[in-house]
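First comes the structure, then the notes that go with it.
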Amino acid sequence: MLVVDRLRQIFVNAGNPGLDQKIRANAKSVDEVRAALAEALQLTAFDAPRQSQLLALAYCWHDSWPAAHDIVQTMEGDPAADFIHAVLHRREGDADNARYWLARISDHPVFTHLIPVAAAEGFTDLVSDGVWRPGAFLARCLHAQTTAEPTETAALMRIQAAELLALLDHLATHPLSKPHPHQRSS
């Protein structure tokens with residue numbers, strides 16, 4: 001089994017994360033996530049920053065907001081960590097903070113993967129001239145947190161799951177573009 005497949009199993013077995021911070025009954029605990037990720041990564045050559053990104057992403061998926069936030073805060077300026085940071089604040093319902101982190105990542109390669117997903121879900125307003133509109137997705141998710149219309153919420157959760165899985169795939173298949181500033185050189 002490929003490492004990407006092993007990593008995906010840590011995520012999808014818990015079902016799609018909610019649009020808010022509520023902890024799902026089937027979410028893994030911090031210790032369970034850490035152990036499952038360690039097992040999945042044992043035969044990989046991912047460096048410490050990449051492993052931290054993957055751990056933060058897994059914590060985010062499994063509703064462990066504080067654990068994910070603690071990691072991404074230490075990696076500020078790293079595009080993947082900033083992406084996860086934006087998702088965490090979106091799920092928290094903190095629009096200003098989410099927008100701040102979205103602005104930091106600008107145009108992430110993951111965004112192109114979300115265009116067909118949004119179209120399939122009928123959310124054409126999330127794309128403009130073939131470009132993903134993360135601010136519009138943020139607004140939709142925040143609105144769904146307060147209105148709780150089940151059909152729309154479920155569709156937005158599927159888009160969010162695609163977003164997080166696309167980031168997982170990106171992290172598992174692309175080397176770090178630059179060393180993280182906190183990474184020690186040997």
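Simple scheme: letters A, B, ... for chains in structure tokens order, numbers from 1 for residues in each chain, numbers from 1 for ligands in the order shown.
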Give me the residues within 7 Å of Ala40 in chain A as a list in words, counting only C-alpha atoms and dropping any in the same chain fewer than 6 places off. Val3, Arg6 and Leu7 of chain A
Can I get the selection written as a CSV table (one decimal), in the first residue's frame, with N, CA, C and O atoms?
```
chain,number,residue,atom,x,y,z
A,3,VAL,N,2.2,5.1,0.6
A,3,VAL,CA,2.1,5.9,1.8
A,3,VAL,C,0.9,6.9,1.8
A,3,VAL,O,0.2,7.1,2.8
A,6,ARG,N,-2.1,4.9,2.9
A,6,ARG,CA,-2.1,4.6,4.3
A,6,ARG,C,-2.5,5.9,5.1
A,6,ARG,O,-3.2,5.9,6.0
A,7,LEU,N,-2.0,7.1,4.6
A,7,LEU,CA,-2.3,8.3,5.3
A,7,LEU,C,-3.8,8.6,5.1
A,7,LEU,O,-4.4,9.1,6.1
```
Extract, using only C-alpha atoms, all DNA, RNA and protein residues at most 9 Å from Leu164 in chain A, discarding same-chain residues fewer than 6 positions from it, and format them as a VMD selection string. chain A and resid 57 60 to 61 84 87 110
Generate the output file for the selected residues, N, CA and C atoms, as an mmCIF file, in the first residue's frame.
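Printed below is part28.cif as written:
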```cif
data_model
loop_
_atom_site.group_PDB
_atom_site.id
_atom_site.type_symbol
_atom_site.label_atom_id
_atom_site.label_comp_id
_atom_site.auth_asym_id
_atom_site.auth_seq_id
_atom_site.Cartn_x
_atom_site.Cartn_y
_atom_site.Cartn_z
ATOM 1 N N LEU A 57 -2.524 18.453 10.079
ATOM 2 C CA LEU A 57 -3.653 18.193 9.190
ATOM 3 C C LEU A 57 -4.526 17.049 9.732
ATOM 4 N N CYS A 60 -6.470 18.319 12.624
ATOM 5 C CA CYS A 60 -7.566 19.153 12.127
ATOM 6 C C CYS A 60 -8.729 18.267 11.687
ATOM 7 N N TRP A 61 -8.446 17.229 10.924
ATOM 8 C CA TRP A 61 -9.490 16.318 10.443
ATOM 9 C C TRP A 61 -10.226 15.675 11.609
ATOM 10 N N ILE A 84 -3.634 25.167 6.840
ATOM 11 C CA ILE A 84 -4.313 24.469 7.935
ATOM 12 C C ILE A 84 -4.803 25.482 8.972
ATOM 13 N N VAL A 87 -8.037 26.919 7.846
ATOM 14 C CA VAL A 87 -9.138 25.965 8.016
ATOM 15 C C VAL A 87 -9.558 25.894 9.486
ATOM 16 N N VAL A 110 -3.644 23.458 -4.120
ATOM 17 C CA VAL A 110 -4.815 22.663 -3.750
ATOM 18 C C VAL A 110 -6.094 23.275 -4.315
#
```
Spatial neighbours of Gln145 in chain A, 9 Å, only C-alpha atoms, chain gap at least 6 places, as a PyMOL selection string: chain A and resi 19-20+91+93+153
Restrict the selected residues to C-alpha atoms and save them as a compact mmCIF listing (two decimals), in the first residue's frame.
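selection35.txt, written as the output of this step:
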```txt
# COMPACT_ATOMS: atom_id res chain seq x y z
CA LEU A 19 -17.74 22.79 9.46
CA ASP A 20 -17.38 23.75 13.11
CA ARG A 91 -14.10 25.89 11.63
CA GLY A 93 -16.08 30.57 13.19
CA THR A 153 -24.01 21.76 5.22
```
Please list as a PDB file with C-alpha atoms, in the first residue's frame every residue within 12 Å of Met75 in chain A, counting only C-alpha atoms and excluding residues in the same chain fewer than 2 positions away.
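So out-v1.pdb came out as:
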```pdb
ATOM      1  CA  ALA A  48      10.373  16.777  10.559  1.00  0.00           C
ATOM      2  CA  PRO A  49       8.573  19.834   9.095  1.00  0.00           C
ATOM      3  CA  ARG A  50       6.610  17.655   6.658  1.00  0.00           C
ATOM      4  CA  GLN A  51       5.701  15.251   9.450  1.00  0.00           C
ATOM      5  CA  SER A  52       4.519  18.209  11.556  1.00  0.00           C
ATOM      6  CA  GLN A  53       2.356  19.461   8.687  1.00  0.00           C
ATOM      7  CA  ALA A  56      -1.469  19.119  12.161  1.00  0.00           C
ATOM      8  CA  ALA A  68      -3.434  21.272  15.386  1.00  0.00           C
ATOM      9  CA  HIS A  69      -3.299  24.956  16.277  1.00  0.00           C
ATOM     10  CA  ASP A  70      -0.264  24.480  18.519  1.00  0.00           C
ATOM     11  CA  ILE A  71       1.651  22.956  15.598  1.00  0.00           C
ATOM     12  CA  VAL A  72       0.692  25.452  12.902  1.00  0.00           C
ATOM     13  CA  GLN A  73       1.462  28.410  15.141  1.00  0.00           C
ATOM     14  CA  GLY A  77       4.997  31.379   7.105  1.00  0.00           C
ATOM     15  CA  ASP A  78       4.917  27.788   5.882  1.00  0.00           C
ATOM     16  CA  PRO A  79       2.214  27.630   3.156  1.00  0.00           C
ATOM     17  CA  ALA A  80       0.795  24.276   4.270  1.00  0.00           C
ATOM     18  CA  ALA A  81       0.736  25.273   7.935  1.00  0.00           C
ATOM     19  CA  ASP A  82      -0.863  28.609   7.048  1.00  0.00           C
ATOM     20  CA  PHE A  83      -3.482  26.722   4.983  1.00  0.00           C
ATOM     21  CA  ILE A  84      -4.313  24.469   7.935  1.00  0.00           C
ATOM     22  CA  HIS A  85      -4.364  27.545  10.179  1.00  0.00           C
ATOM     23  CA  PRO A 179      13.363  24.648   4.416  1.00  0.00           C
ATOM     24  CA  HIS A 180      11.106  25.797   7.201  1.00  0.00           C
ATOM     25  CA  PRO A 181      12.731  28.726   9.075  1.00  0.00           C
ATOM     26  CA  HIS A 182      12.710  26.756  12.347  1.00  0.00           C
ATOM     27  CA  GLN A 183      14.369  23.728  10.775  1.00  0.00           C
TER      28      GLN A 183
END
```
Step one, run DSSP on the backbone; step two, keep only residues of range 14-186 of chain A assigned to strand (DSSP E or B); then write them as JSON, numbers by chain. {"A": [127, 128, 131, 132]}
So what do you get for CA of Glu32 in chain A versus CA of His113 in chain A, distance-wise?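 Separation of CA of Glu32 in chain A and CA of His113 in chain A: 28.8 Å.
In this structure, CA of Ser64 in chain A sits 28.1 Å away from CA of Phe123 in chain A.
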Leu37 in chain A: which residues within 8 Å, counting only C-alpha atoms, same-chain residues fewer than 4 positions away excluded, as a list of chain:residue names?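 Listing them by chain and then by number gives A:Leu7, A:Ile10, A:Val33, A:Leu41, A:Leu55.
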Dump as a JSON list (two decimals), in the first residue's frame, selection limited to N, CA and C atoms:
```json
[["chain", "number", "residue", "atom", "x", "y", "z"],
["A", 7, "LEU", "N", -1.97, 7.06, 4.61],
["A", 7, "LEU", "CA", -2.31, 8.32, 5.26],
["A", 7, "LEU", "C", -3.79, 8.64, 5.10],
["A", 10, "ILE", "N", -6.15, 7.10, 7.63],
["A", 10, "ILE", "CA", -6.22, 7.76, 8.93],
["A", 10, "ILE", "C", -7.33, 8.80, 8.94],
["A", 33, "VAL", "N", -4.30, 9.57, 16.85],
["A", 33, "VAL", "CA", -3.84, 10.17, 15.60],
["A", 33, "VAL", "C", -2.32, 10.10, 15.52],
["A", 41, "LEU", "N", 3.98, 6.56, 8.73],
["A", 41, "LEU", "CA", 5.18, 7.26, 8.24],
["A", 41, "LEU", "C", 6.48, 6.52, 8.50],
["A", 55, "LEU", "N", 0.83, 15.89, 10.69],
["A", 55, "LEU", "CA", 0.22, 15.69, 12.00],
["A", 55, "LEU", "C", -0.83, 16.77, 12.28]]
```
Residues of range 20-80 of chain A in helix (DSSP H, G or I) according to DSSP, as number ranges by chain? A: 30-41, 48-61, 65-74, 79-80
Restricted to N, CA and C atoms, what would the selected residues look like written as a compact mmCIF listing (two decimals), in the first residue's frame?
```txt
# COMPACT_ATOMS: atom_id res chain seq x y z
N VAL A 30 -6.05 12.60 20.19
CA VAL A 30 -4.71 13.09 19.83
C VAL A 30 -3.71 11.94 19.84
N ASP A 31 -3.75 11.12 20.87
CA ASP A 31 -2.81 9.99 20.96
C ASP A 31 -3.03 8.97 19.85
N GLU A 32 -4.29 8.70 19.53
CA GLU A 32 -4.59 7.75 18.45
C GLU A 32 -4.11 8.29 17.10
N VAL A 33 -4.30 9.57 16.85
CA VAL A 33 -3.84 10.17 15.60
C VAL A 33 -2.32 10.10 15.52
N ARG A 34 -1.66 10.49 16.60
CA ARG A 34 -0.19 10.48 16.61
C ARG A 34 0.34 9.07 16.34
N ALA A 35 -0.24 8.07 16.99
CA ALA A 35 0.21 6.68 16.81
C ALA A 35 -0.06 6.20 15.39
N ALA A 36 -1.24 6.47 14.86
CA ALA A 36 -1.57 6.03 13.50
C ALA A 36 -0.66 6.70 12.47
N LEU A 37 -0.39 7.98 12.65
CA LEU A 37 0.49 8.69 11.72
C LEU A 37 1.91 8.17 11.82
N ALA A 38 2.40 7.93 13.03
CA ALA A 38 3.75 7.39 13.21
C ALA A 38 3.89 6.05 12.50
N GLU A 39 2.87 5.22 12.63
CA GLU A 39 2.90 3.91 11.96
C GLU A 39 2.90 4.07 10.44
N ALA A 40 2.08 4.97 9.93
CA ALA A 40 1.99 5.19 8.49
C ALA A 40 3.27 5.79 7.92
N LEU A 41 3.98 6.56 8.73
CA LEU A 41 5.18 7.26 8.24
C LEU A 41 6.48 6.52 8.50
N ALA A 48 11.16 16.36 9.39
CA ALA A 48 10.37 16.78 10.56
C ALA A 48 9.31 17.83 10.22
N PRO A 49 9.63 18.87 9.42
CA PRO A 49 8.57 19.83 9.09
C PRO A 49 7.40 19.20 8.34
N ARG A 50 7.70 18.29 7.40
CA ARG A 50 6.61 17.65 6.66
C ARG A 50 5.78 16.79 7.59
N GLN A 51 6.43 16.07 8.49
CA GLN A 51 5.70 15.25 9.45
C GLN A 51 4.82 16.12 10.35
N SER A 52 5.31 17.29 10.73
CA SER A 52 4.52 18.21 11.56
C SER A 52 3.30 18.72 10.79
N GLN A 53 3.49 19.02 9.52
CA GLN A 53 2.36 19.46 8.69
C GLN A 53 1.30 18.36 8.62
N LEU A 54 1.74 17.13 8.37
CA LEU A 54 0.81 16.01 8.27
C LEU A 54 0.11 15.76 9.60
N LEU A 55 0.83 15.89 10.69
CA LEU A 55 0.22 15.69 12.00
C LEU A 55 -0.83 16.77 12.28
N ALA A 56 -0.51 18.02 11.97
CA ALA A 56 -1.47 19.12 12.16
C ALA A 56 -2.72 18.89 11.31
N LEU A 57 -2.52 18.45 10.08
CA LEU A 57 -3.65 18.19 9.19
C LEU A 57 -4.53 17.05 9.73
N ALA A 58 -3.88 16.01 10.22
CA ALA A 58 -4.64 14.88 10.80
C ALA A 58 -5.39 15.32 12.05
N TYR A 59 -4.76 16.12 12.88
CA TYR A 59 -5.46 16.65 14.07
C TYR A 59 -6.66 17.50 13.65
N CYS A 60 -6.47 18.32 12.62
CA CYS A 60 -7.57 19.15 12.13
C CYS A 60 -8.73 18.27 11.69
N TRP A 61 -8.45 17.23 10.92
CA TRP A 61 -9.49 16.32 10.44
C TRP A 61 -10.23 15.68 11.61
N TRP A 65 -8.64 20.59 17.59
CA TRP A 65 -8.29 21.96 17.28
C TRP A 65 -7.07 22.45 18.05
N PRO A 66 -7.01 22.32 19.39
CA PRO A 66 -5.84 22.85 20.11
C PRO A 66 -4.52 22.22 19.66
N ALA A 67 -4.52 20.91 19.46
CA ALA A 67 -3.28 20.23 19.05
C ALA A 67 -2.83 20.69 17.67
N ALA A 68 -3.77 20.80 16.74
CA ALA A 68 -3.43 21.27 15.39
C ALA A 68 -2.96 22.71 15.44
N HIS A 69 -3.65 23.53 16.19
CA HIS A 69 -3.30 24.96 16.28
C HIS A 69 -1.92 25.15 16.89
N ASP A 70 -1.59 24.38 17.91
CA ASP A 70 -0.26 24.48 18.52
C ASP A 70 0.84 24.23 17.49
N ILE A 71 0.64 23.27 16.61
CA ILE A 71 1.65 22.96 15.60
C ILE A 71 1.75 24.06 14.56
N VAL A 72 0.62 24.47 13.99
CA VAL A 72 0.69 25.45 12.90
C VAL A 72 1.19 26.81 13.38
N GLN A 73 0.94 27.14 14.63
CA GLN A 73 1.46 28.41 15.14
C GLN A 73 2.97 28.43 15.14
N THR A 74 3.61 27.29 15.35
CA THR A 74 5.07 27.24 15.37
C THR A 74 5.66 27.25 13.96
N PRO A 79 3.51 27.61 3.85
CA PRO A 79 2.21 27.63 3.16
C PRO A 79 1.23 26.55 3.61
N ALA A 80 1.71 25.34 3.84
CA ALA A 80 0.79 24.28 4.27
C ALA A 80 0.29 24.55 5.67
```
So that I can check the surroundings of Ala161 in chain A, please list as a compact mmCIF listing (two decimals) with N, CA, C and O atoms, in the first residue's frame every protein, DNA and RNA residue that reaches within 10 Å of it, counting only C-alpha atoms and ignoring chain neighbours fewer than 6 positions away.
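Contents of out.txt, as written:
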```
# COMPACT_ATOMS: atom_id res chain seq x y z
N PHE A 11 -7.56 9.41 7.78
CA PHE A 11 -8.54 10.47 7.64
C PHE A 11 -9.94 9.91 7.38
O PHE A 11 -10.85 10.11 8.18
N VAL A 12 -10.11 9.21 6.28
CA VAL A 12 -11.45 8.87 5.81
C VAL A 12 -12.19 7.90 6.70
O VAL A 12 -13.43 7.88 6.71
N GLY A 15 -14.88 9.58 8.77
CA GLY A 15 -15.92 10.36 8.12
C GLY A 15 -15.50 11.81 7.96
O GLY A 15 -14.44 12.22 8.43
N ASN A 16 -16.30 12.59 7.28
CA ASN A 16 -15.96 13.98 7.00
C ASN A 16 -16.04 14.84 8.25
O ASN A 16 -17.00 14.73 9.02
N PRO A 17 -15.04 15.72 8.44
CA PRO A 17 -15.12 16.62 9.58
C PRO A 17 -16.22 17.66 9.38
O PRO A 17 -16.59 18.01 8.25
N GLY A 18 -16.75 18.14 10.49
CA GLY A 18 -17.79 19.15 10.43
C GLY A 18 -17.23 20.50 10.04
O GLY A 18 -16.02 20.71 9.96
N LEU A 19 -18.13 21.43 9.81
CA LEU A 19 -17.74 22.79 9.46
C LEU A 19 -17.40 23.60 10.70
O LEU A 19 -16.91 24.73 10.59
N TRP A 61 -8.45 17.23 10.92
CA TRP A 61 -9.49 16.32 10.44
C TRP A 61 -10.23 15.68 11.61
O TRP A 61 -11.44 15.49 11.57
N ALA A 155 -23.05 19.22 1.78
CA ALA A 155 -22.29 19.50 0.56
C ALA A 155 -21.01 20.27 0.89
O ALA A 155 -19.93 19.96 0.35
N LEU A 167 -4.96 18.61 0.18
CA LEU A 167 -3.76 19.09 0.88
C LEU A 167 -2.92 17.91 1.35
O LEU A 167 -1.69 17.93 1.24
```
Between CA of Leu156 in chain A and CA of Glu92 in chain A - distance in Å to one decimal: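 Atom-to-atom, CA of Glu92 in chain A and CA of Leu156 in chain A are spaced 15.3 Å apart.
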At a cut-off of 12 Å, using only C-alpha atoms, what residues contact Thr173 in chain A? Leave out same-chain residues fewer than 2 positions from it and give the result as a list of chain:residue names.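 Within the cut-off, the hits are A:Leu2, A:Val3, A:Val4, A:Asp5, A:Leu7, A:Thr44, A:Ala45, A:Phe46, A:Arg50, A:Leu54, A:Ala166, A:Leu167, A:Leu168, A:Asp169, A:His170, A:Leu171, A:Pro175, A:Leu176, A:Ser177.
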Counting only C-alpha atoms, the option among A:Leu88, A:Ile159, A:Ala144, A:Thr151 closest to Ile115 in chain A: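 Distance minimum relative to Ile115 in chain A lands on A:Ile159.
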